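Novice: Sharing entry-v5.cif below, mmCIF, C-alpha atoms:
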data_run
#
loop_
_atom_site.label_atom_id
_atom_site.label_comp_id
_atom_site.auth_asym_id
_atom_site.auth_seq_id
_atom_site.Cartn_x
_atom_site.Cartn_y
_atom_site.Cartn_z
CA ASP C 1 66.49 88.28 29.85
CA TYR C 2 69.65 90.24 29.31
CA GLN C 3 70.63 90.30 25.63
CA TRP C 4 74.28 91.31 25.70
CA LYS C 5 76.07 91.09 22.37
CA LYS C 6 79.76 90.95 21.60
CA PHE C 7 81.00 94.35 20.48
CA ASP C 8 84.75 93.77 20.14
CA ASP C 9 86.25 93.45 16.67
CA ASP C 10 89.88 94.39 17.13
CA ASP C 11 93.08 92.46 17.64
CA ASP C 12 93.98 93.40 21.20
CA ASP C 13 94.52 90.70 23.79
CA ASP C 14 91.32 91.12 25.78
CA GLY C 15 89.74 87.70 25.28
CA LEU C 16 86.84 88.98 23.18
CA PHE C 17 85.94 87.87 19.69
CA ASP C 18 87.38 89.20 16.46
CA ASP C 19 85.84 89.19 13.00
CA ASP C 20 87.45 85.89 12.06
CA GLY C 21 85.19 83.92 14.42
CA TYR C 22 87.88 83.25 16.97
CA ASP C 23 88.82 85.03 20.14
CA ASP C 24 92.33 86.36 20.69
CA ASP C 25 93.58 83.11 22.18
CA GLY C 26 92.32 80.92 19.34
CA TYR C 27 89.09 79.52 20.78
CA ASP C 28 86.58 78.46 18.14
CA ASP C 29 83.56 80.77 18.06
CA ASP C 30 80.94 77.99 18.19
CA ASP C 31 82.42 76.10 21.15
CA TYR C 32 83.35 79.20 23.13
CA MET C 33 80.07 81.04 22.61
CA GLU C 34 77.80 78.11 23.39
CA GLU C 35 79.64 76.64 26.37
CA PHE C 36 81.04 79.72 28.06
CA TYR C 37 79.66 83.05 26.91
CA ASN C 38 75.99 82.08 27.15
CA GLU C 39 76.57 80.35 30.47
CA ASN C 40 78.07 83.52 31.91
CA ILE C 41 75.13 85.57 30.61
CA GLY C 42 72.71 83.45 32.62
CA ILE C 43 74.81 83.58 35.77
CA LEU C 44 75.34 87.33 35.57
CA TYR C 45 71.64 87.98 34.99
CA GLU C 46 70.71 85.84 37.98
CA VAL C 47 73.24 87.54 40.25
CA LEU C 48 72.68 91.15 39.22
CA GLY C 49 68.91 91.12 38.92
CA PRO C 50 68.02 91.30 42.63
CA VAL C 51 70.58 93.95 43.65
CA MET C 52 71.16 96.38 40.81
CA PRO C 53 69.36 99.74 40.32
CA ALA C 54 66.14 99.53 38.34
CA ASP C 55 67.61 100.89 35.09
CA THR C 56 70.65 98.62 35.03
CA GLN C 57 69.08 95.85 32.95
CA LYS C 58 67.83 98.25 30.28
CA LEU C 59 71.16 100.04 30.14
CA ALA C 60 73.07 96.76 30.03
CA GLU C 61 71.09 95.79 26.95
CA THR C 62 71.91 99.06 25.18
CA PRO C 63 75.16 98.93 23.19
CA GLY C 64 77.62 101.66 24.03
CA THR C 65 76.50 102.28 27.61
CA PRO C 66 78.95 101.76 30.48
CA GLN C 67 76.72 99.01 31.86
CA TYR C 68 76.69 97.19 28.52
CA LYS C 69 80.46 97.41 28.17
CA ALA C 70 81.02 96.24 31.75
CA ALA C 71 78.68 93.28 31.35
CA ASP C 72 80.14 92.26 28.01
CA TRP C 73 83.67 92.50 29.37
CA LEU C 74 82.82 90.36 32.38
CA ILE C 75 80.84 87.78 30.43
CA ALA C 76 83.49 87.30 27.75
CA ASP C 77 86.46 87.17 30.14
CA HIS C 78 87.48 83.54 29.73
CA LEU C 79 89.81 83.79 32.73
CA PHE C 80 86.90 84.67 35.04
CA HIS C 81 84.45 81.77 35.17
CA LEU C 82 81.44 83.26 36.93
CA GLU C 83 80.27 79.91 38.27
CA ASP C 84 83.46 79.70 40.34
CA TYR C 85 82.87 82.94 42.25
CA GLU C 86 80.56 84.06 45.00
CA ASP C 87 77.83 86.52 44.07
CA TRP C 88 79.40 89.45 45.93
CA ARG C 89 82.59 89.12 43.88
CA ILE C 90 80.71 89.15 40.58
CA ILE C 91 78.73 92.20 41.70
CA GLN C 92 81.86 94.01 42.86
CA ARG C 93 83.69 93.35 39.60
CA PHE C 94 80.74 94.48 37.49
CA ALA C 95 80.20 97.68 39.49
CA MET C 96 83.86 98.66 39.28
CA ALA C 97 83.95 98.00 35.54
CA THR C 98 80.82 100.12 35.11
CA LEU C 99 82.49 102.95 37.03
CA PHE C 100 85.54 102.65 34.79
CA TYR C 101 83.54 102.99 31.59
CA ALA C 102 81.17 105.65 32.99
CA THR C 103 84.14 107.86 33.86
CA VAL C 104 85.62 107.50 30.37
CA GLY C 105 88.26 104.94 31.15
CA PRO C 106 90.70 104.26 29.73
CA SER C 107 90.95 107.29 27.44
CA SER C 108 90.68 110.05 30.05
CA TRP C 109 92.25 108.28 33.03
CA ILE C 110 95.81 109.14 34.00
CA ASN C 111 96.59 105.83 35.70
CA THR C 112 94.75 102.68 34.61
CA ASP C 113 97.18 100.13 36.04
CA GLY C 114 95.45 96.78 36.41
CA TRP C 115 91.95 98.04 35.64
CA LEU C 116 89.93 95.45 33.72
CA SER C 117 92.86 93.09 33.70
CA PRO C 118 91.49 89.52 33.59
CA LYS C 119 94.60 88.30 35.38
CA GLU C 120 94.38 90.57 38.42
CA HIS C 121 91.97 90.69 41.32
CA GLU C 122 90.04 93.96 41.23
CA CYS C 123 91.52 94.83 44.63
CA ASP C 124 94.89 95.04 42.89
CA TRP C 125 93.70 97.59 40.34
CA PHE C 126 95.15 101.07 40.71
CA SER C 127 93.93 102.96 43.78
CA SER C 128 95.02 106.25 45.31
CA THR C 129 94.72 104.49 48.67
CA ARG C 130 97.80 102.45 47.94
CA VAL C 131 99.75 105.38 46.48
CA LEU C 132 98.93 108.07 49.05
CA HIS C 133 98.49 106.06 52.23
CA ASP C 134 100.47 102.88 51.58
CA TYR C 135 97.71 100.48 52.54
CA GLU C 136 95.32 98.29 50.60
CA PRO C 137 91.83 99.41 49.53
CA CYS C 138 90.27 96.01 50.30
CA GLU C 139 89.75 93.72 53.23
CA ASP C 140 89.18 90.01 52.65
CA GLY C 141 88.74 90.76 48.97
CA ARG C 142 85.95 93.32 49.49
CA LEU C 143 86.43 96.93 48.42
CA LYS C 144 86.51 99.22 51.45
CA GLU C 145 87.93 102.38 49.92
CA LEU C 146 87.27 103.73 46.44
CA MET C 147 89.92 106.38 46.00
CA LEU C 148 90.78 107.74 42.55
CA ILE C 149 92.04 111.23 43.34
CA GLU C 150 93.17 113.55 40.53
CA ASN C 151 93.19 110.71 38.04
CA GLY C 152 91.48 112.32 35.05
CA LEU C 153 88.06 110.76 35.60
CA ASN C 154 85.49 112.29 33.27
CA GLY C 155 81.82 111.55 32.67
CA THR C 156 79.43 110.66 35.47
CA ILE C 157 79.26 108.59 38.63
CA PRO C 158 77.05 105.57 37.83
CA GLU C 159 74.17 104.41 40.00
CA GLU C 160 75.81 101.00 40.22
CA ILE C 161 78.28 102.36 42.75
CA SER C 162 75.52 101.73 45.29
CA VAL C 163 76.06 97.95 45.18
CA LEU C 164 79.60 98.26 46.57
CA THR C 165 78.13 97.85 50.02
CA SER C 166 81.44 97.31 51.82
CA LEU C 167 82.63 100.85 51.06
CA PHE C 168 83.32 103.15 53.97
CA ASN C 169 85.26 105.75 51.99
CA ILE C 170 84.72 107.23 48.52
CA ASP C 171 87.18 109.84 47.30
CA LEU C 172 86.84 110.93 43.68
CA SER C 173 88.02 114.48 44.29
CA SER C 174 89.98 116.64 41.82
CA ASN C 175 88.67 115.05 38.64
CA ASP C 176 86.39 116.23 35.82
CA LEU C 177 83.16 114.50 36.81
CA THR C 178 79.85 116.01 35.76
CA GLY C 179 76.14 115.35 36.32
CA GLU C 180 74.40 114.66 39.61
CA VAL C 181 75.70 112.60 42.48
CA PRO C 182 73.59 109.42 42.38
CA GLU C 183 71.09 109.30 45.21
CA SER C 184 71.59 105.54 45.35
CA ILE C 185 74.74 106.22 47.37
CA LYS C 186 72.41 106.45 50.39
CA LYS C 187 72.20 102.66 50.24
CA LEU C 188 75.83 102.38 51.34
CA ASP C 189 75.15 101.82 55.02
CA ASN C 190 78.86 101.50 55.88
CA LEU C 191 79.89 104.75 54.20
CA GLU C 192 81.70 107.14 56.53
CA GLU C 193 83.55 109.50 54.20
CA LEU C 194 82.60 111.00 50.83
CA PHE C 195 84.94 113.41 49.01
CA LEU C 196 83.82 114.81 45.65
CA TYR C 197 85.24 118.34 45.68
CA SER C 198 86.98 119.89 42.66
CA ASN C 199 84.62 118.36 40.13
CA SER C 200 81.71 119.84 38.16
CA LEU C 201 78.96 117.87 39.85
CA SER C 202 75.47 119.26 40.36
CA GLY C 203 72.54 118.73 42.69
CA THR C 204 72.42 118.44 46.45
CA LEU C 205 73.57 115.85 48.93
CA SER C 206 70.55 116.09 51.19
CA PHE C 207 69.98 112.34 50.83
CA LEU C 208 73.12 111.76 52.85
CA SER C 209 71.14 112.62 55.98
CA SER C 210 69.99 109.01 55.90
CA LEU C 211 73.59 107.92 56.48
CA PRO C 212 74.34 108.85 60.09
CA THR C 213 78.05 108.11 59.85
CA VAL C 214 78.89 110.35 56.86
#
Please rewrite the model in this file as structure tokens.

Specialist:
Amino acid sequence: DYQWKKFDDDDDDDGLFDDDGYDDDGYDDDDYMEEFYNENIGILYEVLGPVMPADTQKLAETPGTPQYKAADWLIADHLFHLEDYEDWRIIQRFAMATLFYATVGPSSWINTDGWLSPKEHECDWFSSTRVLHDYEPCEDGRLKELMLIENGLNGTIPEEISVLTSLFNIDLSSNDLTGEVPESIKKLDNLEELFLYSNSLSGTLSFLSSLPTV
């Protein structure tokens, strides 16, 4: 099973636990942990297990990794009761949070408006789509365009991007991304456009030949 642990010990208003045994809104540690946190762990494990890349579980159990941080954030978000949401929404939220942490958000990002806000739908998080083209990145709540152009993204593109199966456009150009482009992107059957120029990425994109529309 996943063994996510709480890692938050500060006083910011993020819904996670502080050293005094209470979360930021005053919930008692015993009640909150037993009735909510552990319940969300089970739901998230059940939902992610069948669809995530092979290494996701191991990484999600390793403190400090983007996957661990994303899982812990989602599990401990008391405004997002996992049992109330369809699987695709949980997967989408986890994948986007993993991307955020893998690309060194929030410290390196220029615009983080809405990202990881428990009060906002992930489709309302900052997107270059809305700024540059004046239209929404989602349709019926599903992410169609992942556009974060010239936004200070650092780090690497995580494999978990491959579970955002509604995507038809990815544009992460003009950032400071490094490492290889994850081959798991070839699983995005609806992908039509991929823009990654002006980064420091390595490797080839030969795997994209399996995506006839790109």

Novice: Selected by the PyMOL selection byres ((chain C and resi 124) around 10) in the shown coordinates: which residues, as an mmCIF file with C-alpha atoms, in the coordinates of the input?

Specialist:
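Produced file expr.cif, reproduced below:
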data_model
loop_
_atom_site.group_PDB
_atom_site.id
_atom_site.type_symbol
_atom_site.label_atom_id
_atom_site.label_comp_id
_atom_site.auth_asym_id
_atom_site.auth_seq_id
_atom_site.Cartn_x
_atom_site.Cartn_y
_atom_site.Cartn_z
ATOM 1 C CA ASP C 113 97.180 100.130 36.040
ATOM 2 C CA GLY C 114 95.450 96.780 36.410
ATOM 3 C CA TRP C 115 91.950 98.040 35.640
ATOM 4 C CA SER C 117 92.860 93.090 33.700
ATOM 5 C CA GLU C 120 94.380 90.570 38.420
ATOM 6 C CA HIS C 121 91.970 90.690 41.320
ATOM 7 C CA GLU C 122 90.040 93.960 41.230
ATOM 8 C CA CYS C 123 91.520 94.830 44.630
ATOM 9 C CA TRP C 125 93.700 97.590 40.340
ATOM 10 C CA PHE C 126 95.150 101.070 40.710
ATOM 11 C CA SER C 127 93.930 102.960 43.780
ATOM 12 C CA ARG C 130 97.800 102.450 47.940
ATOM 13 C CA GLU C 136 95.320 98.290 50.600
ATOM 14 C CA PRO C 137 91.830 99.410 49.530
ATOM 15 C CA CYS C 138 90.270 96.010 50.300
ATOM 16 C CA GLY C 141 88.740 90.760 48.970
#

Novice: Mind checking which residues fall within 9 Å of segment 167-174 of chain C, counting all atoms listed in the file, ignoring those fewer than 4 positions away in the same chain, and posting them as number ranges by chain?

Specialist: C: 128, 142-153, 188-199, 214

Novice: If I take atom CA of Lys69 of chain C and atom CA of Asp176 of chain C, how far is one from the other in Å, to one decimal?

Specialist: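 Spanning atom CA of Lys69 of chain C to atom CA of Asp176 of chain C is a straight-line distance of 21.2 Å.
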
Novice: With all atoms listed in the file as the basis for distance, which of C:Glu160, C:Gly42, C:Val51, C:Asn154 is at the shortest distance from Gln67 of chain C?

Specialist: C:Glu160

Novice: Can you list what the PyMOL selection byres ((chain C and resi 91-99) around 10) grabs from this structure, as a ChimeraX atom specification?

Specialist: /C:44,47-48,51-52,60,65-75,86-90,100-105,115-116,121-123,125,141-143,146,153,155-166

Novice: Interatomic distance between atom CA of Pro106 of chain C and atom CA of Leu201 of chain C?

Specialist: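 Those two atoms sit 20.6 Å apart.
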
Novice: C:Phe36, C:Trp109, C:Tyr135, C:Tyr45: which is nearest Ala76 of chain C, counting all atoms listed in the file?

Specialist: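 The answer is C:Phe36, which sits nearest to Ala76 of chain C.
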
Novice: Atom CA of Ile43 of chain C and atom CA of Gln57 of chain C, how far apart in Å?

Specialist: 13.8 Å
